[in-house]
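Participant: query-v3.tsv is the file, holding TSV, C-alpha atoms and all ligand atoms:
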chain	number	residue	atom	x	y	z
A	25	MET	CA	70.17	98.89	118.80
A	26	GLU	CA	71.08	98.28	115.17
A	27	TRP	CA	74.46	98.26	113.46
A	28	VAL	CA	74.72	99.80	110.01
A	29	LEU	CA	77.49	99.68	107.41
A	30	ALA	CA	77.20	102.84	105.31
A	31	SER	CA	78.93	101.57	102.20
A	32	THR	CA	78.32	100.40	98.68
A	33	SER	CA	81.66	98.58	98.63
A	34	PRO	CA	81.34	94.79	98.42
A	35	ARG	CA	84.86	94.59	99.88
A	36	ARG	CA	83.86	96.40	103.07
A	37	LYS	CA	80.88	94.08	103.53
A	38	GLU	CA	83.15	91.05	103.05
A	39	LEU	CA	85.78	92.38	105.45
A	40	LEU	CA	83.15	93.04	108.10
A	41	ALA	CA	81.95	89.47	107.65
A	42	GLN	CA	85.57	88.29	107.98
A	43	ALA	CA	85.65	90.08	111.35
A	44	GLY	CA	82.64	88.06	112.45
A	45	PHE	CA	79.99	90.61	111.54
A	46	SER	CA	78.06	88.80	108.84
A	47	GLN	CA	74.51	89.89	108.14
A	48	ALA	CA	73.29	86.44	109.15
A	49	ASP	CA	75.32	85.92	112.35
A	50	PHE	CA	75.45	89.45	113.69
A	51	SER	CA	72.69	91.49	112.21
A	52	PHE	CA	73.74	94.67	110.45
A	53	GLN	CA	72.04	96.75	107.80
A	54	LEU	CA	73.58	98.23	104.68
A	55	VAL	CA	72.90	101.77	103.44
A	56	ALA	CA	74.53	103.71	100.59
A	57	PRO	CA	76.01	107.04	101.72
A	58	ASP	CA	75.85	109.79	99.10
A	59	ILE	CA	78.33	112.55	99.88
A	60	ASP	CA	80.34	115.12	97.94
A	61	GLU	CA	83.90	113.72	97.75
A	62	THR	CA	85.57	116.92	96.49
A	63	PRO	CA	88.70	117.72	98.54
A	64	LEU	CA	88.74	121.12	100.24
A	65	LEU	CA	91.56	123.41	99.08
A	66	THR	CA	93.05	123.76	102.54
A	67	GLU	CA	92.93	120.18	103.84
A	68	THR	CA	95.69	117.58	103.90
A	69	ALA	CA	95.20	114.03	102.59
A	70	GLU	CA	94.88	112.80	106.19
A	71	GLN	CA	92.22	115.40	107.01
A	72	TYR	CA	90.38	114.68	103.75
A	73	VAL	CA	90.12	110.91	104.21
A	74	CYS	CA	89.08	111.25	107.88
A	75	ARG	CA	86.45	113.86	107.01
A	76	LEU	CA	84.97	111.61	104.33
A	77	ALA	CA	84.77	108.59	106.64
A	78	VAL	CA	82.92	110.68	109.25
A	79	GLU	CA	80.64	112.23	106.61
A	80	LYS	CA	79.77	108.78	105.22
A	81	ALA	CA	78.90	107.56	108.73
A	82	GLN	CA	76.81	110.70	109.35
A	83	ALA	CA	75.04	110.35	105.98
A	84	GLY	CA	74.35	106.72	106.90
A	85	LEU	CA	72.87	107.83	110.21
A	86	VAL	CA	70.40	110.10	108.40
A	87	LEU	CA	69.40	107.16	106.18
A	88	SER	CA	68.98	104.97	109.28
A	89	ALA	CA	66.67	107.36	111.13
A	90	HIS	CA	63.85	104.81	111.04
A	91	MET	CA	65.95	102.20	112.88
A	92	MET	CA	66.21	101.64	116.61
A	93	ALA	CA	69.33	103.42	118.03
A	94	PRO	CA	71.48	102.90	114.90
A	95	LYS	CA	75.27	102.85	115.11
A	96	VAL	CA	76.74	103.56	111.71
A	97	LEU	CA	80.16	102.65	110.31
A	98	GLY	CA	81.63	104.59	107.37
A	99	SER	CA	85.00	104.32	105.70
A	100	ASP	CA	87.07	105.96	102.99
A	101	THR	CA	90.22	104.86	101.16
A	102	ILE	CA	92.64	106.98	99.12
A	103	VAL	CA	96.03	106.42	97.54
A	104	VAL	CA	98.60	109.15	98.16
A	105	LEU	CA	101.75	109.58	96.09
A	106	ASN	CA	104.01	112.51	97.05
A	107	ASN	CA	101.04	114.45	98.50
A	108	LEU	CA	98.96	113.79	95.39
A	109	ILE	CA	95.60	112.19	96.24
A	110	LEU	CA	94.47	109.43	93.86
A	111	GLY	CA	90.83	108.48	94.30
A	112	LYS	CA	88.82	106.26	91.99
A	113	PRO	CA	89.61	106.85	88.29
A	114	ILE	CA	86.98	108.73	86.32
A	115	ASP	CA	87.67	106.78	83.11
A	116	GLN	CA	90.18	104.38	81.53
A	117	ASP	CA	92.65	107.16	80.62
A	118	ASP	CA	92.59	108.35	84.21
A	119	ALA	CA	93.26	104.77	85.40
A	120	LYS	CA	96.25	104.54	83.01
A	121	ARG	CA	97.54	107.90	84.28
A	122	MET	CA	97.36	106.69	87.90
A	123	LEU	CA	99.02	103.35	87.21
A	124	THR	CA	101.81	105.09	85.26
A	125	LEU	CA	102.44	107.31	88.29
A	126	LEU	CA	102.45	104.33	90.68
A	127	SER	CA	104.80	102.19	88.54
A	128	GLY	CA	108.08	101.47	90.34
A	129	GLN	CA	107.14	103.81	93.24
A	130	THR	CA	106.14	103.51	96.88
A	131	HIS	CA	102.82	105.13	97.76
A	132	GLU	CA	100.68	105.31	100.84
A	133	VAL	CA	97.17	103.94	101.17
A	134	MET	CA	95.15	105.87	103.76
A	135	THR	CA	91.94	104.38	105.04
A	136	ALA	CA	89.84	106.12	107.65
A	137	VAL	CA	87.01	104.44	109.47
A	138	ALA	CA	84.37	106.18	111.58
A	139	LEU	CA	81.55	104.97	113.80
A	140	THR	CA	78.75	107.23	115.03
A	141	ASP	CA	75.48	106.98	116.91
A	142	GLY	CA	74.82	110.72	116.60
A	143	GLU	CA	75.92	111.41	120.16
A	144	HIS	CA	79.37	109.81	120.01
A	145	THR	CA	81.66	109.62	116.98
A	146	PHE	CA	84.87	107.58	117.00
A	147	SER	CA	87.34	107.46	114.13
A	148	ARG	CA	90.72	105.99	113.22
A	149	LEU	CA	93.19	106.54	110.40
A	150	CYS	CA	95.29	103.68	109.05
A	151	ARG	CA	98.34	104.31	106.83
A	152	THR	CA	100.01	101.59	104.78
A	153	GLN	CA	103.03	101.85	102.48
A	154	VAL	CA	102.76	99.89	99.24
A	155	SER	CA	105.61	99.46	96.74
A	156	PHE	CA	104.85	98.71	93.10
A	157	CYS	CA	107.13	96.95	90.63
A	158	GLU	CA	107.83	98.63	87.29
A	159	LEU	CA	104.84	98.39	84.93
A	160	SER	CA	105.20	98.47	81.16
A	161	PRO	CA	102.63	100.32	79.03
A	162	ALA	CA	101.41	96.88	77.89
A	163	ASP	CA	100.94	95.77	81.53
A	164	ILE	CA	98.91	98.90	82.22
A	165	ASP	CA	96.79	98.58	79.07
A	166	ALA	CA	95.99	94.94	79.82
A	167	TYR	CA	95.13	95.65	83.44
A	168	VAL	CA	92.86	98.58	82.59
A	169	ALA	CA	91.17	96.45	79.91
A	170	SER	CA	90.30	93.93	82.66
A	171	GLY	CA	87.98	96.57	84.18
A	172	GLU	CA	89.32	95.88	87.67
A	173	PRO	CA	90.77	99.36	88.35
A	174	MET	CA	87.63	101.35	87.72
A	175	ASP	CA	85.97	101.27	91.17
A	176	LYS	CA	89.16	101.34	93.23
A	177	ALA	CA	91.29	104.11	94.69
A	178	GLY	CA	94.59	104.44	92.83
A	179	ALA	CA	93.12	102.27	90.05
A	180	TYR	CA	94.19	98.91	91.47
A	181	GLY	CA	92.97	96.11	93.69
A	182	ILE	CA	95.63	94.41	95.83
A	183	GLN	CA	93.17	91.57	96.49
A	184	ALA	CA	92.92	90.56	92.83
A	185	LEU	CA	94.94	91.00	89.62
A	186	GLY	CA	96.50	94.19	90.99
A	187	GLY	CA	98.24	92.09	93.64
A	188	CYS	CA	100.70	91.07	90.90
A	189	PHE	CA	102.07	94.63	90.92
A	190	VAL	CA	102.67	94.81	94.67
A	191	GLN	CA	106.30	94.15	95.57
A	192	SER	CA	105.88	94.87	99.26
A	193	ILE	CA	103.45	96.22	101.80
A	194	ASN	CA	104.15	97.74	105.18
A	195	GLY	CA	100.98	98.09	107.21
A	196	SER	CA	97.45	96.75	107.12
A	197	TYR	CA	96.31	94.59	104.20
A	198	SER	CA	92.64	94.90	105.20
A	199	ALA	CA	92.98	98.70	105.22
A	200	VAL	CA	94.28	98.65	101.64
A	201	VAL	CA	91.24	96.59	100.61
A	202	GLY	CA	88.98	99.17	102.31
A	203	LEU	CA	88.37	98.40	105.99
A	204	PRO	CA	91.14	98.12	108.62
A	205	LEU	CA	90.06	95.22	110.81
A	206	VAL	CA	92.09	96.06	113.93
A	207	GLU	CA	90.87	99.66	113.99
A	208	THR	CA	87.28	98.69	113.17
A	209	ARG	CA	87.23	96.26	116.07
A	210	GLU	CA	88.58	99.01	118.34
A	211	LEU	CA	85.80	101.36	117.26
A	212	LEU	CA	83.12	98.74	117.84
A	213	ALA	CA	84.54	98.13	121.33
A	214	CYS	CA	84.57	101.89	122.06
A	215	MET	CA	80.93	102.16	121.04
A	216	MET	CA	79.92	99.08	123.05
A	217	GLN	CA	81.39	100.74	126.15
A	218	GLN	CA	79.09	103.72	125.63
A	219	THR	CA	75.93	101.62	125.61
B	301	LIG	C1	93.92	100.47	96.95
B	301	LIG	C2	92.68	99.63	96.91
B	301	LIG	C3	91.42	100.17	97.00
B	301	LIG	N1	90.31	99.40	96.95
B	301	LIG	C4	88.95	99.97	97.05
B	301	LIG	C5	88.42	100.14	98.47
B	301	LIG	C6	87.28	101.10	98.29
B	301	LIG	O1	86.09	100.33	98.01
B	301	LIG	C7	87.68	101.89	97.03
B	301	LIG	C8	87.94	103.35	97.34
B	301	LIG	O2	86.76	104.07	97.24
B	301	LIG	P1	85.95	104.66	98.47
B	301	LIG	O3	85.41	105.99	98.04
B	301	LIG	O4	86.76	104.61	99.74
B	301	LIG	O5	84.76	103.63	98.69
B	301	LIG	P2	83.62	103.13	97.70
B	301	LIG	O6	83.11	104.25	96.83
B	301	LIG	O7	84.09	101.88	97.01
B	301	LIG	O8	82.48	102.66	98.70
B	301	LIG	P3	81.61	103.52	99.79
B	301	LIG	O9	82.02	104.97	99.70
B	301	LIG	O10	80.18	103.31	99.39
B	301	LIG	O11	81.94	102.89	101.12
B	301	LIG	O12	88.88	101.30	96.53
B	301	LIG	C9	90.41	98.02	96.79
B	301	LIG	O13	89.39	97.31	96.74
B	301	LIG	N2	91.66	97.46	96.71
B	301	LIG	C10	92.80	98.19	96.76
B	301	LIG	O14	93.91	97.61	96.68
Mind turning the file's structure into structure tokens?
Facilitator:
Amino acid sequence: MEWVLASTSPRRKELLAQAGFSQADFSFQLVAPDIDETPLLTETAEQYVCRLAVEKAQAGLVLSAHMMAPKVLGSDTIVVLNNLILGKPIDQDDAKRMLTLLSGQTHEVMTAVALTDGEHTFSRLCRTQVSFCELSPADIDAYVASGEPMDKAGAYGIQALGGCFVQSINGSYSAVVGLPLVETRELLACMMQQT
């Protein structure tokens, strides 16, 4: 039996290690899931983020076909402001647009996590409210120039410079960073019970 994290995100790897699943102590493999992240016209933000987490886990399972009984974890994070889904910015202007929208507002970070072995698939959705302080155009320009927003949903990282914009958070910090630890542990326990 082999555990696989289907993710290119260094944050997810670090969070899994924080939960006691380091590659050295508790062997898991890493694979990079390649899926189409275009939202479907009819789906809600909740449905979208859950679908992507399951699709990443399933794509990871295909990539792990050579392993012995792989169990694959996938996750997806989006920022949602008044039903508008903010994924990763496509360029610096897009990052500025997102940060301008988030300034002085409360948004929701949705992270879904899924675990599959092909026969069983378990998933969880974690929702966290995050309130931003007001950002000036100069704040936004300087932050985007740092490069930090470019690989992150909503164009910010709460775990780094972007944490300076977060006035309050109601929910799971680890979910905002990309992997909800409580829910991930639950999924691992569910899967253990099946084996
Ligand atoms: C809101 C927020 C997001 N993020 C990150 C978590 C995710 O890595 C990223 C959202 O993009 P995702 O598409 O969820 O993940 P990814 O492309 O980075 O990695 P993979 O699909 O290979 O697993 O944004 C932060 O690091 N900090 C934050 O505060």
Participant: Which chains and residue numbers are within 7 Å of ligand LIG 301 (chain B), counting only C-alpha atoms and all ligand atoms, if I want them as a list of chain:residue names?
Facilitator: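 Listed by chain and ascending number, the contacts are A:Ala30, A:Ser31, A:Thr32, A:Ser33, A:Arg35, A:Arg36, A:Ala56, A:Pro57, A:Gly98, A:Ser99, A:Asp100, A:Thr101, A:Ile102, A:Val103, A:Gly111, A:Lys112, A:Val133, A:Asp175, A:Lys176, A:Ala177, A:Gly178, A:Tyr180, A:Gly181, A:Ile182, A:Gln183, A:Val200, A:Val201, A:Gly202.
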Participant: So that each row is one residue of range 123-195 of chain A with an atom at most 8 Å from range 84-89 of chain A, can you give its shortest atom pair and the distance in Å to one decimal, using only C-alpha atoms, rows by chain and rising number, as a tab-separated table?
Facilitator:
residue	atom	partner	partner_atom	distance
A:Thr140	CA	A:Leu85	CA	7.6
A:Asp141	CA	A:Leu85	CA	7.2
A:Gly142	CA	A:Leu85	CA	7.3
Participant: How would you write as a count of residues only the residues that get within 12 Å of (97.3, 95.8, 80.2) in the file's frame, counting all atoms listed in the file?
Facilitator: 23
Participant: So what do you get for CA of Ala81 in chain A versus CA of Met216 in chain A, distance-wise?
Facilitator: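 For CA of Ala81 in chain A relative to CA of Met216 in chain A, the distance reads 16.7 Å.
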Participant: Would you please work out which residue, of A:Ala199, A:Val55, A:Pro94, A:Ser127, is nearest to Glu143 in chain A when using only C-alpha atoms?
Facilitator: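 The shortest atom-to-atom distance to Glu143 in chain A comes from A:Pro94.
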Participant: When you look at Pro63 in chain A with a cut-off of 12 Å (counting all atoms listed in the file), what residues show up, excluding the ones that are within fewer than 4 positions of it in the same chain? I need them as a list in words.
Facilitator: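 In the requested form, the answer reads Ile59, Glu67, Thr68, Ala69, Glu70, Gln71, Tyr72, Val73, Cys74, Arg75, Leu76, Ile102, Leu108, Ile109, Leu110 and Gly111 of chain A.
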Participant: Using only C-alpha atoms, what residues lie at most 9 Å away from (83.8, 91.8, 109.3) (file coordinates), given as a list in words?
Facilitator: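 Residues lying no farther than 9 Å from the given point: Arg36, Lys37, Glu38, Leu39, Leu40, Ala41, Gln42, Ala43, Gly44, Phe45, Ser46, Leu203, Leu205, Thr208 and Arg209 of chain A.
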Participant: Could you tell me how far CA of Ser196 in chain A sits from CA of Met134 in chain A, in Å to one decimal place?
Facilitator: 10.0 Å
Participant: Just how far from CA of Gln218 in chain A is CA of Val28 in chain A, in Å to one decimal?
Facilitator: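 These atoms are spaced 16.7 Å apart.
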Participant: Calculate, to one decimal in Å, the centre and edge lengths of the box along x, y and z of the file that holds all listed atoms of range 93-102 of chain A with 4 Å of margin on each side, and present them as AutoDock Vina command-line options.
Facilitator:
--center_x 81.0 --center_y 104.8 --center_z 108.6 --size_x 31.3 --size_y 12.3 --size_z 26.9
Participant: I'd like the neighbourhood of Leu212 in chain A as a list in words, where a residue qualifies if any of its atoms comes within 10 Å (using all atoms listed in the file), though same-chain residues fewer than 5 positions away should be ignored.
Facilitator: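 The neighbour list is Trp27, Lys95, Leu97, Ala138, Leu139, Thr140, Phe146, Glu207 and Gln217 of chain A.
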